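A.B. asks: The structure file final-v8.pdb (PDB, C-alpha atoms) is provided below.
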ATOM      1  CA  MET A   1       0.000   0.000   0.000
ATOM      2  CA  VAL A   2       1.417   3.378  -1.008
ATOM      3  CA  TYR A   3       1.928   6.385   1.252
ATOM      4  CA  THR A   4      -1.122   8.386   0.164
ATOM      5  CA  GLU A   5      -3.407   5.342   0.245
ATOM      6  CA  ARG A   6      -2.359   4.698   3.848
ATOM      7  CA  ASN A   7      -3.086   8.336   4.698
ATOM      8  CA  THR A   8      -6.479   8.067   3.016
ATOM      9  CA  TRP A   9      -7.278   4.957   5.063
ATOM     10  CA  SER A  10      -6.195   6.803   8.225
ATOM     11  CA  THR A  11      -8.543   9.694   7.419
ATOM     12  CA  LEU A  12     -11.369   7.291   6.608
ATOM     13  CA  ILE A  13     -10.942   5.303   9.828
ATOM     14  CA  ALA A  14     -10.683   8.423  12.010
ATOM     15  CA  THR A  15     -13.773   9.971  10.398
ATOM     16  CA  ALA A  16     -15.753   6.730  10.644
ATOM     17  CA  VAL A  17     -15.020   6.467  14.374
ATOM     18  CA  ILE A  18     -15.026  10.087  15.569
ATOM     19  CA  VAL A  19     -18.139  11.398  13.822
ATOM     20  CA  PRO A  20     -20.512   8.693  15.116
ATOM     21  CA  GLY A  21     -18.849   9.240  18.514
ATOM     22  CA  TYR A  22     -19.662  12.945  18.297
ATOM     23  CA  ILE A  23     -23.301  12.194  17.467
ATOM     24  CA  VAL A  24     -23.567   9.765  20.397
ATOM     25  CA  VAL A  25     -22.123  12.329  22.831
ATOM     26  CA  ILE A  26     -24.520  15.019  21.560
ATOM     27  CA  LEU A  27     -27.491  12.664  21.985
ATOM     28  CA  GLN A  28     -26.313  11.703  25.491
ATOM     29  CA  GLN A  29     -25.958  15.365  26.450
ATOM     30  CA  ALA A  30     -29.458  16.055  25.201
ATOM     31  CA  ALA A  31     -30.761  13.182  27.369
ATOM     32  CA  GLY A  32     -33.996  13.020  25.448
ATOM     33  CA  GLY A  33     -34.515  16.783  25.550
ATOM     34  CA  PRO A  34     -34.181  19.230  22.656
ATOM     35  CA  LEU A  35     -30.845  18.965  20.800
ATOM     36  CA  THR A  36     -30.656  22.740  20.537
ATOM     37  CA  SER A  37     -30.158  22.944  24.317
ATOM     38  CA  VAL A  38     -26.870  21.027  24.113
ATOM     39  CA  ASP A  39     -23.622  22.974  24.511
ATOM     40  CA  TRP A  40     -22.395  21.558  21.200
ATOM     41  CA  PHE A  41     -19.471  23.877  20.457
ATOM     42  CA  PRO A  42     -16.821  22.421  22.838
ATOM     43  CA  ILE A  43     -17.885  18.885  21.863
ATOM     44  CA  MET A  44     -17.486  19.744  18.188
ATOM     45  CA  LEU A  45     -14.074  21.303  18.799
ATOM     46  CA  TRP A  46     -12.975  18.170  20.638
ATOM     47  CA  ALA A  47     -14.301  15.971  17.833
ATOM     48  CA  ILE A  48     -12.407  18.004  15.209
ATOM     49  CA  GLY A  49      -9.219  18.020  17.303
ATOM     50  CA  ILE A  50      -9.349  14.312  18.085
ATOM     51  CA  SER A  51     -10.117  13.507  14.455
ATOM     52  CA  ILE A  52      -7.094  15.477  13.201
ATOM     53  CA  ALA A  53      -4.817  14.030  15.900
ATOM     54  CA  ALA A  54      -6.047  10.462  15.290
ATOM     55  CA  THR A  55      -5.466  10.794  11.545
ATOM     56  CA  ILE A  56      -1.916  12.068  12.093
ATOM     57  CA  VAL A  57      -1.026   9.443  14.732
ATOM     58  CA  LEU A  58      -2.495   6.627  12.645
ATOM     59  CA  SER A  59      -0.614   7.814   9.548
ATOM     60  CA  ILE A  60       2.673   8.055  11.468
ATOM     61  CA  LEU A  61       2.322   4.638  13.115
ATOM     62  CA  TRP A  62       1.270   2.999   9.851
ATOM     63  CA  GLY A  63       4.115   4.787   8.061
ATOM     64  CA  MET A  64       6.640   3.518  10.621
ATOM     65  CA  PHE A  65       5.367  -0.018  10.149
ATOM     66  CA  ALA A  66       5.485   0.333   6.351
ATOM     67  CA  GLY A  67       8.965   1.835   6.596
ATOM     68  CA  LEU A  68      10.240  -1.279   8.332
ATOM     69  CA  ARG A  69       9.089  -3.380   5.382
ATOM     70  CA  ASP A  70      10.007  -0.988   2.572
ATOM     71  CA  PRO A  71      12.203   1.924   3.756
ATOM     72  CA  LYS A  72      12.577   3.491   0.284
ATOM     73  CA  GLY A  73       8.938   3.299  -0.760
ATOM     74  CA  ALA A  74       7.311   4.240   2.540
ATOM     75  CA  THR A  75       6.785   7.909   1.657
ATOM     76  CA  THR A  76       7.010   7.849  -2.137
ATOM     77  CA  THR A  77       4.228   9.440  -4.170
ATOM     78  CA  ASP A  78       3.744   9.739  -7.912
ATOM     79  CA  VAL A  79       1.448  10.997 -10.669
ATOM     80  CA  ARG A  80      -1.204   8.330  -9.980
ATOM     81  CA  ASP A  81      -1.471   9.468  -6.360
ATOM     82  CA  ARG A  82      -1.942  13.021  -7.587
ATOM     83  CA  ASP A  83      -4.642  11.975 -10.090
ATOM     84  CA  ILE A  84      -6.499   9.932  -7.476
ATOM     85  CA  ASP A  85      -6.269  12.772  -4.965
ATOM     86  CA  GLN A  86      -7.705  15.231  -7.484
ATOM     87  CA  MET A  87     -10.596  12.885  -8.269
ATOM     88  CA  GLY A  88     -11.295  12.431  -4.539
ATOM     89  CA  GLY A  89     -11.173  16.201  -4.110
ATOM     90  CA  ARG A  90     -13.836  16.662  -6.796
ATOM     91  CA  VAL A  91     -16.106  14.157  -5.031
ATOM     92  CA  GLU A  92     -15.559  15.949  -1.709
ATOM     93  CA  HIS A  93     -16.301  19.302  -3.296
ATOM     94  CA  ALA A  94     -19.699  18.106  -4.544
ATOM     95  CA  PHE A  95     -20.795  17.138  -1.027
ATOM     96  CA  LEU A  96     -19.435  20.364   0.460
ATOM     97  CA  VAL A  97     -21.562  22.335  -1.988
ATOM     98  CA  ILE A  98     -24.643  20.365  -0.901
ATOM     99  CA  ALA A  99     -23.828  21.089   2.763
ATOM    100  CA  GLY A 100     -23.254  24.765   1.974
ATOM    101  CA  LEU A 101     -26.620  24.998   0.246
ATOM    102  CA  GLY A 102     -28.188  23.302   3.268
ATOM    103  CA  VAL A 103     -26.654  25.905   5.558
ATOM    104  CA  ILE A 104     -27.995  28.740   3.381
ATOM    105  CA  ALA A 105     -31.444  27.151   3.426
ATOM    106  CA  LEU A 106     -31.336  26.788   7.230
ATOM    107  CA  CYS A 107     -30.257  30.424   7.610
ATOM    108  CA  ALA A 108     -33.082  31.482   5.312
ATOM    109  CA  VAL A 109     -35.692  29.816   7.520
ATOM    110  CA  GLY A 110     -34.082  31.144  10.705
ATOM    111  CA  ALA A 111     -33.064  27.739  12.063
ATOM    112  CA  ASP A 112     -31.275  27.457  15.400
ATOM    113  CA  VAL A 113     -27.514  27.888  15.189
ATOM    114  CA  PHE A 114     -27.162  24.278  16.407
ATOM    115  CA  TRP A 115     -28.632  22.970  13.154
ATOM    116  CA  ILE A 116     -26.649  25.401  11.010
ATOM    117  CA  ALA A 117     -23.308  24.508  12.605
ATOM    118  CA  ASN A 118     -23.994  20.786  12.665
ATOM    119  CA  THR A 119     -25.165  20.706   9.065
ATOM    120  CA  MET A 120     -21.839  22.200   8.047
ATOM    121  CA  PHE A 121     -19.933  19.901  10.389
ATOM    122  CA  LEU A 122     -21.671  16.836   8.999
ATOM    123  CA  GLY A 123     -21.109  18.199   5.492
ATOM    124  CA  PHE A 124     -17.369  18.297   6.173
ATOM    125  CA  ALA A 125     -17.455  14.834   7.732
ATOM    126  CA  ILE A 126     -19.545  13.209   5.006
ATOM    127  CA  SER A 127     -17.549  14.838   2.202
ATOM    128  CA  THR A 128     -14.304  13.664   3.799
ATOM    129  CA  PHE A 129     -15.698  10.160   4.246
ATOM    130  CA  ILE A 130     -17.114   9.857   0.709
ATOM    131  CA  GLY A 131     -13.995  11.436  -0.804
ATOM    132  CA  SER A 132     -11.821   8.936   1.053
ATOM    133  CA  VAL A 133     -14.004   6.041  -0.083
ATOM    134  CA  ALA A 134     -13.758   7.292  -3.681
ATOM    135  CA  ARG A 135      -9.966   7.422  -3.391
ATOM    136  CA  ILE A 136      -9.774   3.920  -1.895
ATOM    137  CA  VAL A 137     -11.996   2.561  -4.674
ATOM    138  CA  ALA A 138      -9.726   4.239  -7.243
ATOM    139  CA  TYR A 139      -6.656   2.680  -5.628
ATOM    140  CA  ARG A 140      -8.253  -0.766  -5.461
ATOM    141  CA  ARG A 141     -10.426  -0.930  -8.580
ATOM    142  CA  GLY A 142      -8.581   1.486 -10.830
ATOM    143  CA  LEU A 143      -8.670   5.036 -12.169
ATOM    144  CA  ILE A 144      -9.008   5.251 -15.929
TER
ATOM    145  CA  MET B   1     -17.929   1.207 -11.531
ATOM    146  CA  VAL B   2     -14.712   2.151 -13.303
ATOM    147  CA  LYS B   3     -15.155   3.046 -16.960
ATOM    148  CA  PRO B   4     -13.259   0.457 -18.994
ATOM    149  CA  THR B   5     -10.549   1.705 -21.317
ATOM    150  CA  LEU B   6      -9.937   0.398 -24.829
ATOM    151  CA  VAL B   7      -6.217   1.014 -24.461
ATOM    152  CA  THR B   8      -4.180  -2.111 -23.820
ATOM    153  CA  ASN B   9      -0.454  -2.420 -23.298
ATOM    154  CA  SER B  10       2.372  -4.908 -23.615
ATOM    155  CA  ILE B  11       4.423  -3.622 -20.712
ATOM    156  CA  ARG B  12       4.324  -6.838 -18.725
ATOM    157  CA  SER B  13       5.365  -9.100 -21.606
ATOM    158  CA  MET B  14       8.116  -6.684 -22.691
ATOM    159  CA  ARG B  15       9.325  -6.335 -19.130
ATOM    160  CA  GLU B  16       9.459 -10.082 -18.581
ATOM    161  CA  GLU B  17      11.154 -10.538 -21.943
ATOM    162  CA  ALA B  18      13.794  -8.001 -20.931
ATOM    163  CA  GLY B  19      14.189  -9.610 -17.504
ATOM    164  CA  ILE B  20      13.330  -6.415 -15.640
ATOM    165  CA  THR B  21      11.484  -6.546 -12.322
ATOM    166  CA  GLN B  22       8.500  -4.317 -11.565
ATOM    167  CA  ALA B  23      10.528  -2.535  -8.897
ATOM    168  CA  ASP B  24      13.379  -1.826 -11.328
ATOM    169  CA  LEU B  25      11.130  -0.460 -14.055
ATOM    170  CA  ALA B  26       9.092   1.566 -11.557
ATOM    171  CA  GLY B  27      12.324   3.090 -10.248
ATOM    172  CA  ARG B  28      13.502   3.952 -13.747
ATOM    173  CA  ILE B  29      10.304   5.788 -14.692
ATOM    174  CA  GLY B  30       9.845   7.401 -11.279
ATOM    175  CA  VAL B  31       6.633   5.783 -10.079
ATOM    176  CA  THR B  32       5.758   3.384  -7.293
ATOM    177  CA  ARG B  33       5.599  -0.344  -7.976
ATOM    178  CA  GLN B  34       1.855  -0.204  -7.248
ATOM    179  CA  THR B  35       1.383   2.330 -10.034
ATOM    180  CA  LEU B  36       3.309   0.173 -12.490
ATOM    181  CA  ILE B  37       1.168  -2.831 -11.510
ATOM    182  CA  ALA B  38      -1.995  -0.754 -12.044
ATOM    183  CA  ILE B  39      -0.771   0.298 -15.503
ATOM    184  CA  GLU B  40       0.169  -3.266 -16.470
ATOM    185  CA  GLN B  41      -3.253  -4.514 -15.385
ATOM    186  CA  GLY B  42      -5.087  -1.708 -17.207
ATOM    187  CA  ARG B  43      -6.385  -0.183 -13.968
ATOM    188  CA  TYR B  44      -4.681   3.149 -14.566
ATOM    189  CA  SER B  45      -4.144   5.038 -17.791
ATOM    190  CA  PRO B  46      -0.721   6.665 -17.630
ATOM    191  CA  THR B  47      -0.227  10.266 -18.631
ATOM    192  CA  LEU B  48       1.284  10.854 -22.061
ATOM    193  CA  GLU B  49       4.543  11.872 -20.415
ATOM    194  CA  LEU B  50       4.660   8.672 -18.378
ATOM    195  CA  ALA B  51       3.807   6.605 -21.463
ATOM    196  CA  PHE B  52       6.792   8.171 -23.259
ATOM    197  CA  GLN B  53       9.027   7.429 -20.293
ATOM    198  CA  ILE B  54       7.970   3.771 -20.245
ATOM    199  CA  ALA B  55       8.496   3.456 -24.010
ATOM    200  CA  ARG B  56      11.903   5.066 -23.688
ATOM    201  CA  ALA B  57      12.852   2.636 -20.916
ATOM    202  CA  PHE B  58      12.284  -0.207 -23.387
ATOM    203  CA  GLU B  59      13.753   1.788 -26.295
ATOM    204  CA  VAL B  60      10.600   1.306 -28.367
ATOM    205  CA  GLY B  61       7.900   3.599 -29.730
ATOM    206  CA  ILE B  62       4.663   4.251 -27.861
ATOM    207  CA  ASP B  63       2.729   2.318 -30.538
ATOM    208  CA  ASP B  64       4.801  -0.762 -29.781
ATOM    209  CA  LEU B  65       3.843  -0.569 -26.138
ATOM    210  CA  PHE B  66       0.245   0.707 -26.141
ATOM    211  CA  GLN B  67      -2.476  -0.514 -28.459
ATOM    212  CA  TYR B  68      -5.816   1.059 -29.348
ATOM    213  CA  PRO B  69      -8.344  -0.810 -31.530
ATOM    214  CA  GLU B  70      -8.928   0.438 -35.083
ATOM    215  CA  GLY B  71     -12.185   2.260 -35.886
TER
END
Just dump the structure as structure tokens.
C.D. replies:
Amino acid sequence: MVYTERNTWSTLIATAVIVPGYIVVILQQAAGGPLTSVDWFPIMLWAIGISIAATIVLSILWGMFAGLRDPKGATTTDVRDRDIDQMGGRVEHAFLVIAGLGVIALCAVGADVFWIANTMFLGFAISTFIGSVARIVAYRRGLI
Amino acid sequence: MVKPTLVTNSIRSMREEAGITQADLAGRIGVTRQTLIAIEQGRYSPTLELAFQIARAFEVGIDDLFQYPEG
């Protein structure tokens, strides 16, 4: 597995674990009451911070392990990695646009700031997840 | 589903004929071994520049290495 594919897997794993964790914590904090009463901001900041840190730590640990097996190729990237990354970026962009439009719509109807912020947060998370899946599929099935 | 390409190549047969390993050829053209494998298996269409580099590594023309059906 090449360097950028490992990093993509790290991002995918971190997103797949942290985001559901964030949702669970929010629901626990609400305790059956209205979600808008939850103090979501610090929880979101923690989720973003942990997600970034987990991705970095996972990438480093995986890279160290890969480096033991193939020291020269552990951090090598090439034109295919760039092409796959660009394709994944286009997929991500599409979902970010959808989230952005959702935020505009929520602002237009005067929704609570909880829903506005969390729509954008989930937009980031879903776009990252789908973009990572698209990249993994391209690595595994091909990019033509 | 990945869109199939009509382009085929003879990289693997030429490489084996020349007794070059995937790692050696990948190193010569500046890509990872995984990328070379993807090209050989038709899972990645190389850029024109990369196609020239591969052809040059075998000292053949691009047409000798990559095939596209007539019509």
A.B. asks: Find the nearest atom pair between each residue of chain B and chain A for residues within 12 Å, count all atoms listed in the file, give distances in Å to one decimal, sort rows by chain and ascending number, and present the table as JSON lines.
C.D. replies:
{"residue": "B:Met1", "atom": "CA", "partner": "A:Arg141", "partner_atom": "CA", "distance": 8.3}
{"residue": "B:Val2", "atom": "CA", "partner": "A:Gly142", "partner_atom": "CA", "distance": 6.6}
{"residue": "B:Lys3", "atom": "CA", "partner": "A:Ile144", "partner_atom": "CA", "distance": 6.6}
{"residue": "B:Pro4", "atom": "CA", "partner": "A:Ile144", "partner_atom": "CA", "distance": 7.1}
{"residue": "B:Thr5", "atom": "CA", "partner": "A:Ile144", "partner_atom": "CA", "distance": 6.6}
{"residue": "B:Leu6", "atom": "CA", "partner": "A:Ile144", "partner_atom": "CA", "distance": 10.2}
{"residue": "B:Val7", "atom": "CA", "partner": "A:Ile144", "partner_atom": "CA", "distance": 9.9}
{"residue": "B:Thr8", "atom": "CA", "partner": "A:Ile144", "partner_atom": "CA", "distance": 11.8}
{"residue": "B:Ala23", "atom": "CA", "partner": "A:Gly73", "partner_atom": "CA", "distance": 10.1}
{"residue": "B:Ala26", "atom": "CA", "partner": "A:Asp78", "partner_atom": "CA", "distance": 10.4}
{"residue": "B:Gly27", "atom": "CA", "partner": "A:Gly73", "partner_atom": "CA", "distance": 10.1}
{"residue": "B:Ile29", "atom": "CA", "partner": "A:Asp78", "partner_atom": "CA", "distance": 10.2}
{"residue": "B:Gly30", "atom": "CA", "partner": "A:Asp78", "partner_atom": "CA", "distance": 7.4}
{"residue": "B:Val31", "atom": "CA", "partner": "A:Asp78", "partner_atom": "CA", "distance": 5.4}
{"residue": "B:Thr32", "atom": "CA", "partner": "A:Asp78", "partner_atom": "CA", "distance": 6.7}
{"residue": "B:Arg33", "atom": "CA", "partner": "A:Gly73", "partner_atom": "CA", "distance": 8.7}
{"residue": "B:Gln34", "atom": "CA", "partner": "A:Val2", "partner_atom": "CA", "distance": 7.2}
{"residue": "B:Thr35", "atom": "CA", "partner": "A:Arg80", "partner_atom": "CA", "distance": 6.5}
{"residue": "B:Leu36", "atom": "CA", "partner": "A:Arg80", "partner_atom": "CA", "distance": 9.7}
{"residue": "B:Ile37", "atom": "CA", "partner": "A:Gly142", "partner_atom": "CA", "distance": 10.7}
{"residue": "B:Ala38", "atom": "CA", "partner": "A:Gly142", "partner_atom": "CA", "distance": 7.1}
{"residue": "B:Ile39", "atom": "CA", "partner": "A:Gly142", "partner_atom": "CA", "distance": 9.2}
{"residue": "B:Glu40", "atom": "CA", "partner": "A:Gly142", "partner_atom": "CA", "distance": 11.4}
{"residue": "B:Gln41", "atom": "CA", "partner": "A:Gly142", "partner_atom": "CA", "distance": 9.2}
{"residue": "B:Gly42", "atom": "CA", "partner": "A:Gly142", "partner_atom": "CA", "distance": 7.9}
{"residue": "B:Arg43", "atom": "CA", "partner": "A:Gly142", "partner_atom": "CA", "distance": 4.2}
{"residue": "B:Tyr44", "atom": "CA", "partner": "A:Ile144", "partner_atom": "CA", "distance": 5.0}
{"residue": "B:Ser45", "atom": "CA", "partner": "A:Ile144", "partner_atom": "CA", "distance": 5.2}
{"residue": "B:Pro46", "atom": "CA", "partner": "A:Arg80", "partner_atom": "CA", "distance": 7.8}
{"residue": "B:Thr47", "atom": "CA", "partner": "A:Val79", "partner_atom": "CA", "distance": 8.2}
{"residue": "B:Leu48", "atom": "CA", "partner": "A:Val79", "partner_atom": "CA", "distance": 11.4}
{"residue": "B:Glu49", "atom": "CA", "partner": "A:Val79", "partner_atom": "CA", "distance": 10.3}
{"residue": "B:Leu50", "atom": "CA", "partner": "A:Val79", "partner_atom": "CA", "distance": 8.7}
{"residue": "B:Ala51", "atom": "CA", "partner": "A:Val79", "partner_atom": "CA", "distance": 11.9}
A.B. asks: Export, as a PDB file, keeping the file's coordinate frame, the selected residues with C-alpha atoms.
C.D. replies:
ATOM      1  CA  MET B   1     -17.929   1.207 -11.531  1.00  0.00           C
ATOM      2  CA  VAL B   2     -14.712   2.151 -13.303  1.00  0.00           C
ATOM      3  CA  LYS B   3     -15.155   3.046 -16.960  1.00  0.00           C
ATOM      4  CA  PRO B   4     -13.259   0.457 -18.994  1.00  0.00           C
ATOM      5  CA  THR B   5     -10.549   1.705 -21.317  1.00  0.00           C
ATOM      6  CA  LEU B   6      -9.937   0.398 -24.829  1.00  0.00           C
ATOM      7  CA  VAL B   7      -6.217   1.014 -24.461  1.00  0.00           C
ATOM      8  CA  THR B   8      -4.180  -2.111 -23.820  1.00  0.00           C
ATOM      9  CA  ALA B  23      10.528  -2.535  -8.897  1.00  0.00           C
ATOM     10  CA  ALA B  26       9.092   1.566 -11.557  1.00  0.00           C
ATOM     11  CA  GLY B  27      12.324   3.090 -10.248  1.00  0.00           C
ATOM     12  CA  ILE B  29      10.304   5.788 -14.692  1.00  0.00           C
ATOM     13  CA  GLY B  30       9.845   7.401 -11.279  1.00  0.00           C
ATOM     14  CA  VAL B  31       6.633   5.783 -10.079  1.00  0.00           C
ATOM     15  CA  THR B  32       5.758   3.384  -7.293  1.00  0.00           C
ATOM     16  CA  ARG B  33       5.599  -0.344  -7.976  1.00  0.00           C
ATOM     17  CA  GLN B  34       1.855  -0.204  -7.248  1.00  0.00           C
ATOM     18  CA  THR B  35       1.383   2.330 -10.034  1.00  0.00           C
ATOM     19  CA  LEU B  36       3.309   0.173 -12.490  1.00  0.00           C
ATOM     20  CA  ILE B  37       1.168  -2.831 -11.510  1.00  0.00           C
ATOM     21  CA  ALA B  38      -1.995  -0.754 -12.044  1.00  0.00           C
ATOM     22  CA  ILE B  39      -0.771   0.298 -15.503  1.00  0.00           C
ATOM     23  CA  GLU B  40       0.169  -3.266 -16.470  1.00  0.00           C
ATOM     24  CA  GLN B  41      -3.253  -4.514 -15.385  1.00  0.00           C
ATOM     25  CA  GLY B  42      -5.087  -1.708 -17.207  1.00  0.00           C
ATOM     26  CA  ARG B  43      -6.385  -0.183 -13.968  1.00  0.00           C
ATOM     27  CA  TYR B  44      -4.681   3.149 -14.566  1.00  0.00           C
ATOM     28  CA  SER B  45      -4.144   5.038 -17.791  1.00  0.00           C
ATOM     29  CA  PRO B  46      -0.721   6.665 -17.630  1.00  0.00           C
ATOM     30  CA  THR B  47      -0.227  10.266 -18.631  1.00  0.00           C
ATOM     31  CA  LEU B  48       1.284  10.854 -22.061  1.00  0.00           C
ATOM     32  CA  GLU B  49       4.543  11.872 -20.415  1.00  0.00           C
ATOM     33  CA  LEU B  50       4.660   8.672 -18.378  1.00  0.00           C
ATOM     34  CA  ALA B  51       3.807   6.605 -21.463  1.00  0.00           C
TER      35      ALA B  51
END
A.B. asks: So that I can see what lies close to B:Ile11, please list as a list in words the residues with an atom at most 9 Å from it, counting all atoms listed in the file and leaving out residues fewer than 4 positions away in the same chain.
C.D. replies: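 Contacts, with the query itself left out: Arg15, Glu16, Ile39, Glu40, Ile54, Ala55, Phe58, Leu65 and Phe66 of chain B.
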A.B. asks: Need to verify the contact set: A:Val91, 10 Å, only C-alpha atoms, exclusion of same-chain residues closer than 3 positions in sequence. Can you return it as a list in words?
C.D. replies: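 So, after excluding close chain neighbours, the residues are Asp85, Gln86, Met87, Gly88, Ala94, Phe95, Leu96, Ser127, Thr128, Ile130, Gly131, Ser132, Val133, Ala134 and Arg135 of chain A.
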A.B. asks: Build an axis-aligned box that encloses every atom of stretch 56-69 of chain B listed in the file, pad it by 6 Å on each side, and report its centre and edge lengths in Å to one decimal, as lines of an AutoDock Vina configuration file.
C.D. replies:
center_x = 2.7
center_y = 2.1
center_z = -26.2
size_x = 34.1
size_y = 17.9
size_z = 22.6
